[in-house]
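Shown next: final-v4.pdb, containing PDB, C-alpha atoms, pLDDT in the B column.
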```pdb
ATOM      1  CA  MET A   1     169.865  85.194 139.057  1.00 72.00           C
ATOM      2  CA  GLU A   2     172.349  82.400 138.526  1.00 83.00           C
ATOM      3  CA  GLU A   3     174.786  82.957 135.670  1.00 81.00           C
ATOM      4  CA  MET A   4     176.882  80.740 133.429  1.00 84.00           C
ATOM      5  CA  SER A   5     179.639  81.210 130.874  1.00 85.00           C
ATOM      6  CA  VAL A   6     179.132  80.779 127.143  1.00 81.00           C
ATOM      7  CA  LYS A   7     181.746  80.680 124.407  1.00 84.00           C
ATOM      8  CA  VAL A   8     180.854  82.918 121.468  1.00 82.00           C
ATOM      9  CA  PRO A   9     182.392  82.411 118.022  1.00 87.00           C
ATOM     10  CA  ARG A  10     184.637  85.284 116.922  1.00 86.00           C
ATOM     11  CA  ASP A  11     182.582  85.455 113.697  1.00 88.00           C
ATOM     12  CA  LEU A  12     179.579  86.603 115.725  1.00 83.00           C
ATOM     13  CA  VAL A  13     181.479  89.687 116.853  1.00 84.00           C
ATOM     14  CA  ARG A  14     182.425  90.401 113.244  1.00 87.00           C
ATOM     15  CA  ILE A  15     178.868  89.839 111.960  1.00 88.00           C
ATOM     16  CA  LEU A  16     177.344  92.062 114.643  1.00 85.00           C
ATOM     17  CA  LYS A  17     180.022  94.707 114.009  1.00 89.00           C
ATOM     18  CA  VAL A  18     180.455  95.416 117.705  1.00 87.00           C
ATOM     19  CA  LYS A  19     183.359  95.601 120.106  1.00 88.00           C
ATOM     20  CA  ASP A  20     184.165  92.539 122.214  1.00 85.00           C
ATOM     21  CA  LYS A  21     183.005  94.219 125.411  1.00 87.00           C
ATOM     22  CA  VAL A  22     179.454  94.669 123.997  1.00 88.00           C
ATOM     23  CA  VAL A  23     178.967  90.960 123.244  1.00 87.00           C
ATOM     24  CA  PRO A  24     177.949  89.880 126.784  1.00 87.00           C
ATOM     25  CA  LYS A  25     175.134  92.454 126.772  1.00 91.00           C
ATOM     26  CA  LEU A  26     173.923  91.291 123.359  1.00 90.00           C
ATOM     27  CA  VAL A  27     174.087  87.640 124.429  1.00 89.00           C
ATOM     28  CA  ARG A  28     171.578  88.553 127.152  1.00 92.00           C
ATOM     29  CA  LEU A  29     169.510  90.992 125.082  1.00 95.00           C
ATOM     30  CA  TYR A  30     168.700  88.942 121.982  1.00 94.00           C
ATOM     31  CA  PRO A  31     167.274  85.906 123.817  1.00 95.00           C
ATOM     32  CA  ALA A  32     165.266  88.245 126.072  1.00 97.00           C
ATOM     33  CA  ILE A  33     163.739  89.916 123.016  1.00 97.00           C
ATOM     34  CA  GLY A  34     162.928  86.560 121.408  1.00 97.00           C
ATOM     35  CA  LEU A  35     161.366  85.132 124.557  1.00 96.00           C
ATOM     36  CA  TYR A  36     159.248  88.260 125.014  1.00 96.00           C
ATOM     37  CA  ARG A  37     158.144  88.276 121.359  1.00 95.00           C
ATOM     38  CA  GLU A  38     157.044  84.636 121.689  1.00 94.00           C
ATOM     39  CA  GLY A  39     155.097  85.433 124.869  1.00 91.00           C
ATOM     40  CA  LYS A  40     157.238  83.129 126.994  1.00 94.00           C
ATOM     41  CA  VAL A  41     158.317  85.837 129.456  1.00 93.00           C
ATOM     42  CA  SER A  42     156.833  89.065 130.771  1.00 90.00           C
ATOM     43  CA  LEU A  43     158.276  92.489 130.096  1.00 91.00           C
ATOM     44  CA  GLY A  44     159.782  92.514 133.584  1.00 91.00           C
ATOM     45  CA  LYS A  45     161.418  89.120 133.131  1.00 93.00           C
ATOM     46  CA  ALA A  46     162.732  90.079 129.693  1.00 95.00           C
ATOM     47  CA  ALA A  47     164.259  93.218 131.208  1.00 95.00           C
ATOM     48  CA  GLU A  48     165.814  91.146 133.999  1.00 94.00           C
ATOM     49  CA  ILE A  49     167.300  88.666 131.516  1.00 95.00           C
ATOM     50  CA  ALA A  50     168.659  91.514 129.381  1.00 96.00           C
ATOM     51  CA  GLY A  51     170.054  93.340 132.399  1.00 94.00           C
ATOM     52  CA  VAL A  52     168.144  96.565 131.719  1.00 96.00           C
ATOM     53  CA  SER A  53     165.243  98.448 133.318  1.00 95.00           C
ATOM     54  CA  LYS A  54     161.650  97.880 132.193  1.00 91.00           C
ATOM     55  CA  CYS A  55     161.665 101.334 130.621  1.00 93.00           C
ATOM     56  CA  GLU A  56     164.842 100.545 128.663  1.00 96.00           C
ATOM     57  CA  MET A  57     163.360  97.214 127.579  1.00 96.00           C
ATOM     58  CA  MET A  58     160.242  98.975 126.313  1.00 94.00           C
ATOM     59  CA  GLU A  59     162.435 101.355 124.293  1.00 96.00           C
ATOM     60  CA  ILE A  60     164.455  98.460 122.872  1.00 96.00           C
ATOM     61  CA  LEU A  61     161.310  96.580 121.874  1.00 97.00           C
ATOM     62  CA  ALA A  62     159.806  99.702 120.304  1.00 95.00           C
ATOM     63  CA  SER A  63     162.993 100.317 118.305  1.00 96.00           C
ATOM     64  CA  LYS A  64     162.645  96.819 116.879  1.00 95.00           C
ATOM     65  CA  GLY A  65     158.926  97.235 116.101  1.00 95.00           C
ATOM     66  CA  ILE A  66     157.852  94.714 118.748  1.00 95.00           C
ATOM     67  CA  PRO A  67     154.552  95.715 120.379  1.00 92.00           C
ATOM     68  CA  ILE A  68     154.245  95.766 124.152  1.00 90.00           C
ATOM     69  CA  GLN A  69     151.919  93.038 125.428  1.00 86.00           C
ATOM     70  CA  TYR A  70     149.576  94.832 127.795  1.00 78.00           C
ATOM     71  CA  ASP A  71     146.187  93.437 128.773  1.00 76.00           C
ATOM     72  CA  GLY A  72     143.364  94.206 131.177  1.00 80.00           C
ATOM     73  CA  GLU A  73     145.080  92.353 134.018  1.00 79.00           C
ATOM     74  CA  ASP A  74     148.174  94.522 133.566  1.00 76.00           C
ATOM     75  CA  LEU A  75     145.990  97.633 133.637  1.00 79.00           C
ATOM     76  CA  GLU A  76     144.331  96.528 136.865  1.00 84.00           C
ATOM     77  CA  LYS A  77     147.717  95.917 138.517  1.00 80.00           C
ATOM     78  CA  ASP A  78     148.980  99.329 137.399  1.00 81.00           C
ATOM     79  CA  LEU A  79     145.842 101.083 138.659  1.00 87.00           C
ATOM     80  CA  LYS A  80     146.122  99.321 142.023  1.00 86.00           C
ATOM     81  CA  THR A  81     149.767 100.375 142.290  1.00 87.00           C
ATOM     82  CA  LEU A  82     148.850 103.973 141.522  1.00 90.00           C
ATOM     83  CA  GLU A  83     146.125 103.958 144.175  1.00 90.00           C
ATOM     84  CA  GLU A  84     148.614 102.768 146.801  1.00 84.00           C
TER      85      GLU A  84
END
```
What do you get writing this file as structure tokens?
Amino acid sequence: MEEMSVKVPRDLVRILKVKDKVVPKLVRLYPAIGLYREGKVSLGKAAEIAGVSKCEMMEILASKGIPIQYDGEDLEKDLKTLEE
């Protein structure tokens, strides 16, 4: 995945009440959550954007009360994977 640099206002660090070193992770995490919530990216893509595993992404979404989008097609793919 190609990356780019972004300048973040110092106020954001103060508002989020986090240490400077945590900001890059949050800058990836919050857009990933928003894109997933809006249905613009899959769980896997959201996890990739956030830089976490799918399992971690599911935990993050659950902690924020965001339901996992899982349909019949997803079930079929998972069943096929289990059979293999």
(request) Write out as a PyMOL selection string the residues lying within 6 Å of range 43-58 of chain A, counting all atoms listed in the file and excluding same-chain residues fewer than 4 positions away. (result) chain A and resi 28-29+32
(message) Using Å and a single decimal, report how far CA of Lys25 in chain A sits from CA of Leu61 in chain A.
(response) 15.2 Å
(request) Decode the PyMOL selection byres ((chain A and resi 64-76) around 10) for the given file into explicit residues and return them as a ChimeraX atom specification. (result) /A:33-34,36-37,39,42-43,57-63,77-82
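The spacing separating CA of Glu38 in chain A from CA of Met1 in chain A amounts to 21.6 Å.
In this structure, CA of Leu35 in chain A sits 22.2 Å away from CA of Pro9 in chain A.
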As AutoDock Vina command-line options, please: the centre and edge lengths in Å, to one decimal, of an axis-aligned box enclosing every listed atom of range 21-26 of chain A with 3 Å added on each side.
```
--center_x 178.5 --center_y 92.3 --center_z 125.0 --size_x 15.1 --size_y 10.8 --size_z 9.5
```
(request) Point out the residue among A:Glu84, A:Val41, A:Lys7, A:Glu2 with the least atom-to-atom distance to Pro24 in chain A, counting only C-alpha atoms. (result) A:Lys7
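Close contacts of range 12-17 of chain A, defined as residues with an atom at most 12 Å away when counting only C-alpha atoms, with chain neighbours fewer than 4 positions off set aside, comprise Lys7, Val8, Lys21, Val22, Val23, Pro24, Leu26, Val27 and Tyr30 of chain A.
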